[in-house]
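Asks: Got a file for you: run.cif, mmCIF, C-alpha atoms.
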data_coords
loop_
_atom_site.label_atom_id
_atom_site.label_comp_id
_atom_site.auth_asym_id
_atom_site.auth_seq_id
_atom_site.Cartn_x
_atom_site.Cartn_y
_atom_site.Cartn_z
CA MET A 6 -7.64 -28.04 -21.73
CA GLU A 7 -6.57 -26.31 -24.95
CA PRO A 8 -9.13 -23.44 -24.56
CA TYR A 9 -7.70 -22.71 -21.11
CA ARG A 10 -4.14 -22.70 -22.45
CA ARG A 11 -5.14 -20.19 -25.12
CA LEU A 12 -6.86 -18.05 -22.49
CA LEU A 13 -3.85 -18.01 -20.16
CA ALA A 14 -1.59 -17.13 -23.10
CA LEU A 15 -3.38 -13.78 -23.51
CA PRO A 16 -1.33 -10.84 -22.15
CA GLY A 17 -2.09 -10.10 -18.53
CA VAL A 18 -4.89 -12.65 -18.08
CA ARG A 19 -2.88 -15.15 -16.02
CA THR A 20 -1.80 -12.41 -13.59
CA LEU A 21 -5.31 -10.96 -13.35
CA LEU A 22 -6.85 -14.35 -12.51
CA LEU A 23 -4.19 -15.10 -9.90
CA VAL A 24 -4.57 -11.70 -8.24
CA GLY A 25 -8.36 -12.12 -8.38
CA LEU A 26 -8.17 -15.47 -6.60
CA LEU A 27 -5.99 -14.16 -3.78
CA ALA A 28 -7.89 -10.87 -3.50
CA ARG A 29 -11.24 -12.61 -3.06
CA ILE A 30 -10.18 -14.82 -0.15
CA PRO A 31 -10.36 -12.11 2.56
CA SER A 32 -13.63 -10.83 1.06
CA THR A 33 -15.23 -14.28 1.37
CA ALA A 34 -14.21 -14.45 5.04
CA VAL A 35 -16.09 -11.26 5.94
CA ASN A 36 -19.58 -12.59 6.73
CA ILE A 37 -18.58 -15.60 8.83
CA THR A 38 -16.14 -13.45 10.80
CA LEU A 39 -18.85 -10.88 11.60
CA VAL A 40 -21.30 -13.62 12.56
CA LEU A 41 -18.88 -15.33 14.94
CA HIS A 42 -17.72 -12.03 16.43
CA VAL A 43 -21.23 -10.90 17.30
CA ALA A 44 -22.70 -14.29 18.24
CA GLU A 45 -19.74 -15.70 20.18
CA GLY A 46 -17.33 -12.84 20.85
CA LEU A 47 -19.95 -10.34 22.00
CA GLY A 48 -22.25 -13.09 23.25
CA LEU A 49 -25.33 -11.62 21.57
CA GLY A 50 -26.44 -14.74 19.69
CA TYR A 51 -27.08 -15.42 16.03
CA THR A 52 -30.16 -13.24 15.64
CA TRP A 53 -28.18 -10.07 16.31
CA ALA A 54 -25.33 -11.47 14.23
CA GLY A 55 -27.82 -11.70 11.38
CA VAL A 56 -28.69 -8.02 11.86
CA VAL A 57 -25.04 -7.04 11.37
CA THR A 58 -24.55 -9.20 8.28
CA ALA A 59 -27.85 -7.93 6.86
CA ALA A 60 -26.64 -4.34 7.31
CA CYS A 61 -23.37 -5.18 5.59
CA THR A 62 -25.16 -6.97 2.74
CA ALA A 63 -27.56 -4.06 2.24
CA GLY A 64 -24.59 -1.71 2.00
CA MET A 65 -22.94 -3.94 -0.58
CA ALA A 66 -26.13 -4.16 -2.64
CA VAL A 67 -26.31 -0.36 -2.87
CA GLY A 68 -22.58 0.20 -3.21
CA ALA A 69 -21.75 -2.30 -5.95
CA PRO A 70 -23.41 -0.44 -8.87
CA LEU A 71 -22.23 2.91 -7.49
CA ALA A 72 -18.63 1.69 -7.43
CA GLY A 73 -19.03 0.36 -10.96
CA ARG A 74 -20.41 3.68 -12.17
CA PHE A 75 -17.45 5.53 -10.64
CA VAL A 76 -15.06 3.09 -12.34
CA ASP A 77 -16.77 3.84 -15.66
CA SER A 78 -16.48 7.59 -15.09
CA TYR A 79 -13.20 8.10 -13.25
CA GLY A 80 -11.16 4.95 -13.73
CA LEU A 81 -10.20 2.05 -11.53
CA ARG A 82 -7.53 3.43 -9.22
CA PRO A 83 -9.56 6.16 -7.41
CA VAL A 84 -12.29 3.64 -6.57
CA LEU A 85 -9.79 1.04 -5.36
CA LEU A 86 -7.89 3.55 -3.22
CA THR A 87 -11.09 4.83 -1.59
CA THR A 88 -12.59 1.41 -0.88
CA THR A 89 -9.29 -0.05 0.33
CA ALA A 90 -8.87 2.78 2.84
CA ALA A 91 -12.47 2.32 4.04
CA GLN A 92 -11.99 -1.42 4.55
CA ALA A 93 -8.71 -0.90 6.41
CA LEU A 94 -10.36 1.58 8.79
CA PHE A 95 -13.38 -0.63 9.49
CA TRP A 96 -11.65 -3.97 9.98
CA ALA A 97 -8.83 -2.55 12.07
CA THR A 98 -11.35 -1.11 14.56
CA ALA A 99 -14.50 -3.27 14.27
CA TRP A 100 -13.42 -5.59 17.07
CA ALA A 101 -13.60 -2.70 19.56
CA MET A 102 -16.95 -1.23 18.46
CA PRO A 103 -20.08 -1.42 20.63
CA PHE A 104 -22.87 -3.30 18.91
CA PRO A 105 -24.99 -0.30 17.78
CA VAL A 106 -21.90 1.35 16.29
CA LEU A 107 -20.93 -1.93 14.64
CA VAL A 108 -24.29 -2.17 12.87
CA VAL A 109 -23.96 1.31 11.35
CA ALA A 110 -20.29 0.85 10.53
CA SER A 111 -21.00 -2.51 8.88
CA ALA A 112 -23.53 -0.88 6.56
CA LEU A 113 -21.00 1.81 5.62
CA ALA A 114 -18.27 -0.79 5.15
CA GLY A 115 -20.60 -2.70 2.84
CA LEU A 116 -21.37 0.47 0.90
CA LEU A 117 -17.61 1.01 0.42
CA ALA A 118 -16.72 -2.67 -0.02
CA LEU A 119 -13.70 -3.45 -2.19
CA PRO A 120 -15.37 -4.28 -5.55
CA VAL A 121 -13.01 -7.13 -6.33
CA PHE A 122 -15.61 -9.50 -7.83
CA SER A 123 -17.10 -7.02 -10.30
CA VAL A 124 -13.73 -5.43 -11.12
CA ILE A 125 -12.13 -8.75 -12.07
CA ARG A 126 -15.08 -9.58 -14.33
CA GLN A 127 -15.10 -6.13 -15.89
CA CYS A 128 -11.39 -6.32 -16.62
CA LEU A 129 -11.69 -9.84 -18.02
CA ALA A 130 -14.32 -8.57 -20.46
CA ALA A 131 -11.85 -5.88 -21.58
CA MET A 132 -8.79 -8.15 -21.84
CA VAL A 133 -10.36 -11.24 -23.43
CA PRO A 134 -11.73 -11.29 -27.01
CA GLU A 135 -15.47 -11.81 -27.20
CA ASP A 136 -15.14 -15.30 -28.66
CA GLN A 137 -13.12 -16.34 -25.59
CA ARG A 138 -15.20 -14.66 -22.90
CA ARG A 139 -17.10 -17.81 -22.04
CA ILE A 140 -13.90 -19.65 -21.21
CA GLY A 141 -12.63 -16.55 -19.38
CA PHE A 142 -15.68 -16.26 -17.15
CA SER A 143 -15.70 -20.03 -16.62
CA ALA A 144 -12.10 -19.85 -15.38
CA ASP A 145 -13.10 -16.96 -13.14
CA SER A 146 -16.03 -18.96 -11.72
CA ILE A 147 -13.65 -21.82 -10.90
CA LEU A 148 -11.41 -19.46 -8.95
CA VAL A 149 -14.44 -18.00 -7.16
CA GLU A 150 -15.29 -21.51 -5.95
CA LEU A 151 -11.73 -21.95 -4.69
CA SER A 152 -11.88 -18.65 -2.82
CA TYR A 153 -15.19 -19.61 -1.18
CA MET A 154 -13.68 -22.94 -0.15
CA ALA A 155 -10.73 -21.14 1.48
CA GLY A 156 -12.03 -17.82 2.83
CA PRO A 157 -14.80 -18.90 5.25
CA ALA A 158 -12.69 -21.80 6.51
CA LEU A 159 -9.82 -19.43 7.28
CA GLY A 160 -12.25 -17.03 8.98
CA VAL A 161 -13.56 -19.77 11.25
CA ALA A 162 -10.05 -21.02 11.99
CA GLY A 163 -8.88 -17.49 12.82
CA MET A 164 -11.82 -16.76 15.13
CA THR A 165 -11.29 -20.09 16.89
CA ALA A 166 -7.52 -19.88 17.29
CA LEU A 167 -6.81 -16.14 17.45
CA GLY A 168 -10.06 -14.48 18.48
CA GLY A 169 -11.95 -11.58 16.93
CA ARG A 170 -9.34 -8.87 17.35
CA TRP A 171 -6.51 -10.56 15.49
CA THR A 172 -8.73 -12.19 12.90
CA MET A 173 -10.30 -8.85 11.98
CA CYS A 174 -6.87 -7.24 11.79
CA ALA A 175 -5.77 -10.08 9.51
CA ILE A 176 -8.78 -9.40 7.26
CA ALA A 177 -7.84 -5.71 7.24
CA ALA A 178 -4.32 -6.65 6.13
CA GLY A 179 -5.68 -9.02 3.49
CA LEU A 180 -8.05 -6.43 2.04
CA VAL A 181 -5.34 -3.76 2.01
CA GLY A 182 -3.04 -6.20 0.24
CA SER A 183 -5.79 -7.05 -2.26
CA GLY A 184 -6.57 -3.42 -3.03
CA THR A 185 -2.89 -2.52 -3.28
CA ALA A 186 -2.22 -5.39 -5.68
CA LEU A 187 -5.08 -4.31 -7.94
CA VAL A 188 -3.97 -0.66 -7.82
CA MET A 189 -0.45 -1.65 -8.84
CA LEU A 190 -1.71 -4.02 -11.54
CA ASN A 191 -4.24 -1.44 -12.79
CA PRO A 192 -5.83 -3.77 -15.37
CA PRO A 193 -7.71 -2.13 -18.25
CA VAL A 194 -11.47 -1.76 -17.95
CA ARG A 195 -11.85 -1.31 -21.72
CA SER A 196 -10.18 -3.07 -24.60
CA ALA A 197 -7.93 -1.30 -27.10
CA GLU A 198 -10.69 -1.52 -29.72
CA GLU A 199 -13.22 0.03 -27.33
CA LEU A 200 -10.84 2.86 -26.53
CA ALA A 201 -10.19 3.47 -30.23
CA ALA A 202 -13.90 3.58 -31.11
CA PRO A 203 -15.60 6.96 -31.55
CA ALA A 204 -16.68 8.53 -28.27
CA GLU A 205 -20.31 7.99 -27.48
CA LYS A 206 -22.61 8.66 -24.59
CA VAL A 207 -25.18 6.01 -23.76
CA SER A 208 -27.94 6.88 -21.34
CA ARG A 209 -28.95 4.30 -18.78
CA ARG A 210 -32.40 3.90 -20.28
CA ARG A 211 -30.80 2.63 -23.50
CA TRP A 212 -29.08 -0.35 -21.87
CA LEU A 213 -31.07 -0.95 -18.67
CA THR A 214 -33.79 -2.72 -20.66
CA PRO A 215 -36.46 -5.18 -19.50
CA GLY A 216 -34.31 -7.90 -21.04
CA LEU A 217 -31.33 -6.98 -18.86
CA VAL A 218 -33.48 -6.57 -15.75
CA THR A 219 -34.96 -10.03 -16.17
CA LEU A 220 -31.49 -11.44 -16.84
CA LEU A 221 -30.40 -9.98 -13.50
CA GLY A 222 -33.49 -11.61 -12.00
CA THR A 223 -32.27 -14.91 -13.42
CA ALA A 224 -28.92 -14.36 -11.71
CA SER A 225 -30.85 -13.77 -8.47
CA ALA A 226 -32.66 -17.05 -9.06
CA ALA A 227 -29.30 -18.83 -9.12
CA THR A 228 -28.19 -17.53 -5.72
CA PHE A 229 -31.71 -18.06 -4.36
CA VAL A 230 -31.54 -21.78 -5.03
CA LEU A 231 -27.88 -22.03 -3.98
CA THR A 232 -28.44 -20.33 -0.62
CA ALA A 233 -31.50 -22.44 0.09
CA THR A 234 -29.60 -25.59 -0.89
CA GLU A 235 -26.75 -24.76 1.48
CA LEU A 236 -29.11 -24.08 4.39
CA SER A 237 -31.12 -27.22 3.67
CA LEU A 238 -27.98 -29.35 3.49
CA VAL A 239 -26.73 -27.95 6.81
CA ALA A 240 -30.15 -28.51 8.41
CA THR A 241 -30.25 -32.10 7.15
CA MET A 242 -26.85 -32.77 8.69
CA ASN A 243 -27.80 -31.11 11.98
CA ARG A 244 -30.91 -33.26 12.29
CA ALA A 245 -28.81 -36.35 11.63
CA GLY A 246 -26.30 -35.35 14.32
CA ASP A 247 -23.47 -35.10 11.80
CA THR A 248 -22.69 -31.40 12.17
CA ALA A 249 -18.95 -32.13 12.38
CA TRP A 250 -19.01 -33.18 8.72
CA THR A 251 -20.68 -29.99 7.48
CA GLY A 252 -17.47 -28.37 6.21
CA LEU A 253 -16.57 -31.48 4.21
CA ALA A 254 -20.04 -31.76 2.71
CA ILE A 255 -20.11 -28.12 1.59
CA GLY A 256 -16.59 -28.45 0.20
CA ILE A 257 -17.66 -31.46 -1.90
CA TRP A 258 -20.71 -29.54 -3.11
CA CYS A 259 -18.44 -26.65 -4.15
CA LEU A 260 -16.25 -29.16 -5.97
CA TYR A 261 -19.25 -30.15 -8.13
CA SER A 262 -19.59 -26.53 -9.23
CA LEU A 263 -15.85 -26.20 -9.85
CA LEU A 264 -15.81 -29.28 -12.10
CA GLY A 265 -18.94 -28.08 -13.90
CA GLY A 266 -17.31 -24.74 -14.64
CA LEU A 267 -14.16 -26.46 -15.89
CA VAL A 268 -16.11 -28.65 -18.32
CA TYR A 269 -18.44 -25.85 -19.45
CA GLY A 270 -15.53 -23.60 -20.38
CA GLY A 271 -14.12 -26.29 -22.66
CA LEU A 272 -17.35 -26.95 -24.56
CA PRO A 273 -17.48 -25.81 -28.22
CA ARG A 274 -20.53 -23.65 -27.52
CA GLY A 275 -22.31 -22.23 -24.51
CA PHE A 276 -25.94 -22.27 -23.39
CA SER A 277 -28.46 -19.63 -22.41
CA PRO A 278 -28.36 -18.70 -18.72
CA LEU A 279 -32.11 -19.30 -18.68
CA VAL A 280 -31.55 -22.92 -19.70
CA LEU A 281 -28.72 -23.52 -17.24
CA ILE A 282 -30.33 -21.87 -14.21
CA GLY A 283 -33.77 -23.28 -15.01
CA ALA A 284 -32.26 -26.77 -15.22
CA MET A 285 -30.41 -26.20 -11.94
CA GLY A 286 -33.70 -25.31 -10.25
CA LEU A 287 -35.55 -28.29 -11.74
CA LEU A 288 -32.81 -30.71 -10.68
CA THR A 289 -32.89 -29.32 -7.13
CA VAL A 290 -36.62 -29.99 -6.66
CA PRO A 291 -36.38 -33.79 -6.16
CA VAL A 292 -33.27 -33.73 -3.92
CA GLY A 293 -35.29 -33.90 -0.72
CA LEU A 294 -36.91 -37.18 -1.83
CA VAL A 295 -33.77 -39.18 -1.02
CA GLY A 296 -34.46 -38.96 2.72
CA ASP A 297 -32.58 -37.67 5.75
CA ASP A 298 -29.20 -39.27 5.10
CA TRP A 299 -26.97 -36.33 4.12
CA ARG A 300 -24.65 -38.62 2.12
CA TRP A 301 -27.47 -39.52 -0.25
CA VAL A 302 -28.51 -35.87 -0.36
CA LEU A 303 -24.96 -34.97 -1.37
CA ILE A 304 -25.05 -37.50 -4.21
CA ALA A 305 -28.46 -36.24 -5.33
CA LEU A 306 -27.02 -32.72 -5.55
CA VAL A 307 -24.48 -33.69 -8.24
CA PRO A 308 -26.66 -32.81 -11.31
CA ALA A 309 -27.70 -29.40 -9.96
CA GLY A 310 -24.28 -28.74 -8.43
CA VAL A 311 -22.35 -29.04 -11.68
CA LEU A 312 -24.61 -26.36 -13.22
CA CYS A 313 -23.85 -23.74 -10.55
CA ALA A 314 -20.66 -22.19 -11.96
CA PRO A 315 -21.80 -22.49 -15.60
CA GLY A 316 -25.11 -20.83 -14.76
CA ILE A 317 -23.59 -17.83 -13.01
CA SER A 318 -20.73 -17.39 -15.50
CA SER A 319 -23.26 -17.47 -18.37
CA THR A 320 -25.15 -14.55 -16.80
CA VAL A 321 -21.90 -12.54 -16.61
CA GLU A 322 -21.17 -13.26 -20.26
CA ALA A 323 -24.70 -12.28 -21.25
CA VAL A 324 -24.44 -8.97 -19.38
CA THR A 325 -21.21 -8.07 -21.22
CA ARG A 326 -22.97 -8.70 -24.54
CA MET A 327 -26.00 -6.60 -23.67
CA VAL A 328 -24.24 -3.55 -22.21
CA PRO A 329 -21.91 -1.04 -23.93
CA ALA A 330 -18.32 -0.77 -22.70
CA GLY A 331 -18.93 2.66 -21.18
CA ALA A 332 -21.52 1.25 -18.76
CA ARG A 333 -19.93 -2.15 -18.12
CA GLY A 334 -18.75 -1.31 -14.61
CA GLU A 335 -22.19 -0.21 -13.45
CA ALA A 336 -23.77 -3.26 -15.09
CA MET A 337 -21.30 -5.59 -13.35
CA GLY A 338 -22.17 -3.87 -10.08
CA LEU A 339 -25.87 -4.43 -10.72
CA HIS A 340 -25.08 -8.07 -11.46
CA GLY A 341 -23.32 -8.33 -8.10
CA THR A 342 -26.32 -6.71 -6.41
CA ALA A 343 -28.63 -9.24 -8.07
CA LEU A 344 -26.54 -12.11 -6.72
CA LEU A 345 -26.61 -10.60 -3.23
CA LEU A 346 -30.37 -10.04 -3.29
CA GLY A 347 -31.07 -13.60 -4.38
CA GLY A 348 -29.17 -14.96 -1.40
CA ALA A 349 -30.62 -12.40 1.02
CA VAL A 350 -34.23 -13.18 0.07
CA SER A 351 -33.60 -16.93 0.02
CA ALA A 352 -32.27 -17.22 3.58
CA PRO A 353 -35.47 -16.33 5.50
CA VAL A 354 -37.71 -18.17 3.01
CA ALA A 355 -35.65 -21.36 3.20
CA GLY A 356 -35.36 -21.00 6.97
CA ALA A 357 -39.14 -20.82 7.36
CA VAL A 358 -39.64 -23.94 5.24
CA ILE A 359 -36.89 -25.81 7.12
CA ASP A 360 -38.46 -24.92 10.47
CA GLY A 361 -41.88 -25.96 9.15
CA PRO A 362 -42.23 -28.92 6.79
CA GLY A 363 -38.49 -29.68 6.89
CA PRO A 364 -35.27 -29.49 4.82
CA GLY A 365 -36.56 -31.83 2.12
CA TRP A 366 -39.37 -29.43 1.27
CA ALA A 367 -36.91 -26.51 1.28
CA PHE A 368 -35.02 -28.10 -1.65
CA ALA A 369 -38.28 -28.38 -3.58
CA ALA A 370 -39.43 -24.85 -2.74
CA ALA A 371 -36.10 -23.30 -3.73
CA GLY A 372 -36.01 -25.16 -7.04
CA LEU A 373 -39.59 -24.22 -7.92
CA VAL A 374 -39.08 -20.55 -7.06
CA SER A 375 -35.96 -20.36 -9.25
CA VAL A 376 -37.78 -22.05 -12.14
CA ALA A 377 -40.64 -19.56 -11.78
CA MET A 378 -38.18 -16.66 -11.92
CA VAL A 379 -36.64 -18.08 -15.09
CA LEU A 380 -40.07 -18.49 -16.69
CA VAL A 381 -40.82 -14.82 -15.95
CA ALA A 382 -37.64 -13.87 -17.83
CA LEU A 383 -38.44 -15.92 -20.95
CA PRO A 384 -40.72 -13.38 -22.71
CA PHE A 385 -38.11 -10.65 -22.22
CA ARG A 386 -35.27 -12.53 -23.87
CA ALA A 387 -33.31 -9.70 -25.52
CA GLY A 388 -30.63 -9.43 -28.13
CA SER A 389 -27.06 -10.01 -27.13
CA ARG A 390 -25.47 -6.95 -28.72
CA PRO A 391 -24.96 -3.68 -26.84
CA PRO A 392 -26.95 -0.57 -27.77
CA THR A 393 -25.38 1.85 -30.19
CA GLY A 394 -25.60 4.87 -27.93
CA GLU A 395 -25.73 8.54 -28.70
CA PRO A 396 -22.74 10.61 -29.77
CA GLY A 397 -21.32 12.73 -27.02
CA PRO A 398 -18.16 13.79 -25.22
CA VAL A 399 -15.82 11.31 -23.57
CA THR A 400 -16.57 11.29 -19.86
CA ALA A 401 -15.03 8.00 -18.84
CA LYS A 402 -11.37 7.37 -18.10
CA THR A 403 -9.68 4.00 -17.94
CA THR A 404 -6.80 5.05 -15.71
CA ALA A 405 -6.52 7.21 -12.66
#
Take the structure in the file and give it back as structure tokens.
Replies:
Amino acid sequence: MEPYRRLLALPGVRTLLLVGLLARIPSTAVNITLVLHVAEGLGLGYTWAGVVTAACTAGMAVGAPLAGRFVDSYGLRPVLLTTTAAQALFWATAWAMPFPVLVVASALAGLLALPVFSVIRQCLAAMVPEDQRRIGFSADSILVELSYMAGPALGVAGMTALGGRWTMCAIAAGLVGSGTALVMLNPPVRSAEELAAPAEKVSRRRWLTPGLVTLLGTASAATFVLTATELSLVATMNRAGDTAWTGLAIGIWCLYSLLGGLVYGGLPRGFSPLVLIGAMGLLTVPVGLVGDDWRWVLIALVPAGVLCAPGISSTVEAVTRMVPAGARGEAMGLHGTALLLGGAVSAPVAGAVIDGPGPGWAFAAAGLVSVAMVLVALPFRAGSRPPTGEPGPVTAKTTA
């Protein structure tokens, strides 16, 4: 645990991680709340609920790099104030919207989503020395797992006990509190050394290289296999008539990832994201061979599960090495978009395989697709240092 003690001793890191954990919880409750509101509250079923969540996800995929670019150019506070206000307006009124209005508003809310995931990672890269970034991003991945274990569960509990109106208002309050906390904290998006360096202007074509694009594709491969695994696990449990245990099973699976991230951060050296995500895909392929008993499936998921957090955190670390500080926000936004796209593409593919050959084959298909995506990235393996850039005026600000 000594690497974690050294990390938490750095000025501001402990507070940033704590705020990041609490700020992510309402964000992770968003999708399940929208699904239950449309499917159960409006009585339109899960197909139309999927339309709303797809609109929201599409908005997030477009908005994440845009928010990051604005952070790079204008600082953190203006972006946080704008997105916090947008989330407050949407979630305080979404419960009363007719369905067609809700679809459009969900897309706009996604476009102006509070960029808490990318902001925390961007600020960690600025506050933590490069030789400690792996442990920093590993700690962050652990807290992400905790937020995903809490947020959706709270969303379901709220919709069940309070109904859509009060649950959505609670999410509005949570997002406003999250944005306000980050505005008040105002963590740096560049380190002191980066601020002291000579001003330089780096065009996007200098850092958005084939190596970075394929690295983002590798990040998509991670969420592709994770989304398919979750759907396949749920389908296996449904077929066995053990749906009541689904929450416990997914929580245990998340625990594998949490423990994997904890161990990975304490290792003396890290591994390439291609190795970690490729191994996660390979180890997912044979999971379906254990049969239809979800308890054996859960045990078979241990090897791949422990690689989840290390795989994703290693892609974040690699992005920070390949991109200059002045473009880090946009790059973190693109990383978030890659994660979203992997999950969005995976859901219909895994669903088709589950409805056809069955959940066991969905594990194999997801693992093979992720391995194929990693193999595509291998020839484009790029250097880990950021580009030098071109001299130019300072256009980015680190404070509002």
Asks: Using all atoms listed in the file, find the one residue out of A:Leu22, A:Val307, A:Val194, A:Ile37 that sits nearest to Ala162 in chain A.
Replies: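 Of the candidates, the smallest distance to Ala162 in chain A is held by A:Ile37.
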Asks: Need to verify the contact set: Val35 in chain A, 12 Å, all atoms listed in the file, exclusion of same-chain residues closer than 3 positions in sequence. Can you return it as a PyMOL selection string?
Replies: chain A and resi 29-32+38-42+57-58+61-62+65+92+95-96+99+111+114-115+118-119+153+156-161+163-164+169+172-177+179-180
Asks: Find the residues around Trp299 in chain A up to 12 Å (only C-alpha atoms counted), leave out those fewer than 5 positions away in its own chain, and share them as a PyMOL selection string.
Replies: chain A and resi 235+237-248+250-251+253-255+258+292-294+304-306+364-365
Asks: Find the distance between CA of Val24 in chain A and CA of Leu81 in chain A and write it in Å to one decimal.
Replies: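 Distance reported for this atom pair: 15.2 Å.
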Asks: Which neighbours of Val133 in chain A fall inside 9 Å, counting all atoms listed in the file, when residues of the same chain fewer than 5 positions from it are skipped, and could you give them as a list in words?
Replies: Leu12, Leu15, Val18, Cys128, Arg138, Gly141 and Ser196 of chain A
Asks: What does the structure give for the distance between CA of Gly55 in chain A and CA of Leu260 in chain A, in Å to one decimal?
Replies: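 So the answer is 27.2 Å.
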Asks: Go through the shown structure with the PyMOL selection byres ((chain A and resi 353) around 12) and write out the matching residues as a short mmCIF file (atom, residue, chain, number, x, y, z; two decimals) with C-alpha atoms, in the frame of the given file.
Replies:
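Below you can see result.cif, which holds the result:
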data_model
loop_
_atom_site.label_atom_id
_atom_site.label_comp_id
_atom_site.auth_asym_id
_atom_site.auth_seq_id
_atom_site.Cartn_x
_atom_site.Cartn_y
_atom_site.Cartn_z
CA THR A 52 -30.16 -13.24 15.64
CA GLY A 55 -27.82 -11.70 11.38
CA ALA A 59 -27.85 -7.93 6.86
CA PHE A 229 -31.71 -18.06 -4.36
CA THR A 232 -28.44 -20.33 -0.62
CA ALA A 233 -31.50 -22.44 0.09
CA LEU A 236 -29.11 -24.08 4.39
CA SER A 237 -31.12 -27.22 3.67
CA LEU A 346 -30.37 -10.04 -3.29
CA GLY A 347 -31.07 -13.60 -4.38
CA GLY A 348 -29.17 -14.96 -1.40
CA ALA A 349 -30.62 -12.40 1.02
CA VAL A 350 -34.23 -13.18 0.07
CA SER A 351 -33.60 -16.93 0.02
CA ALA A 352 -32.27 -17.22 3.58
CA VAL A 354 -37.71 -18.17 3.01
CA ALA A 355 -35.65 -21.36 3.20
CA GLY A 356 -35.36 -21.00 6.97
CA ALA A 357 -39.14 -20.82 7.36
CA VAL A 358 -39.64 -23.94 5.24
CA ILE A 359 -36.89 -25.81 7.12
CA ASP A 360 -38.46 -24.92 10.47
CA ALA A 367 -36.91 -26.51 1.28
CA ALA A 371 -36.10 -23.30 -3.73
#
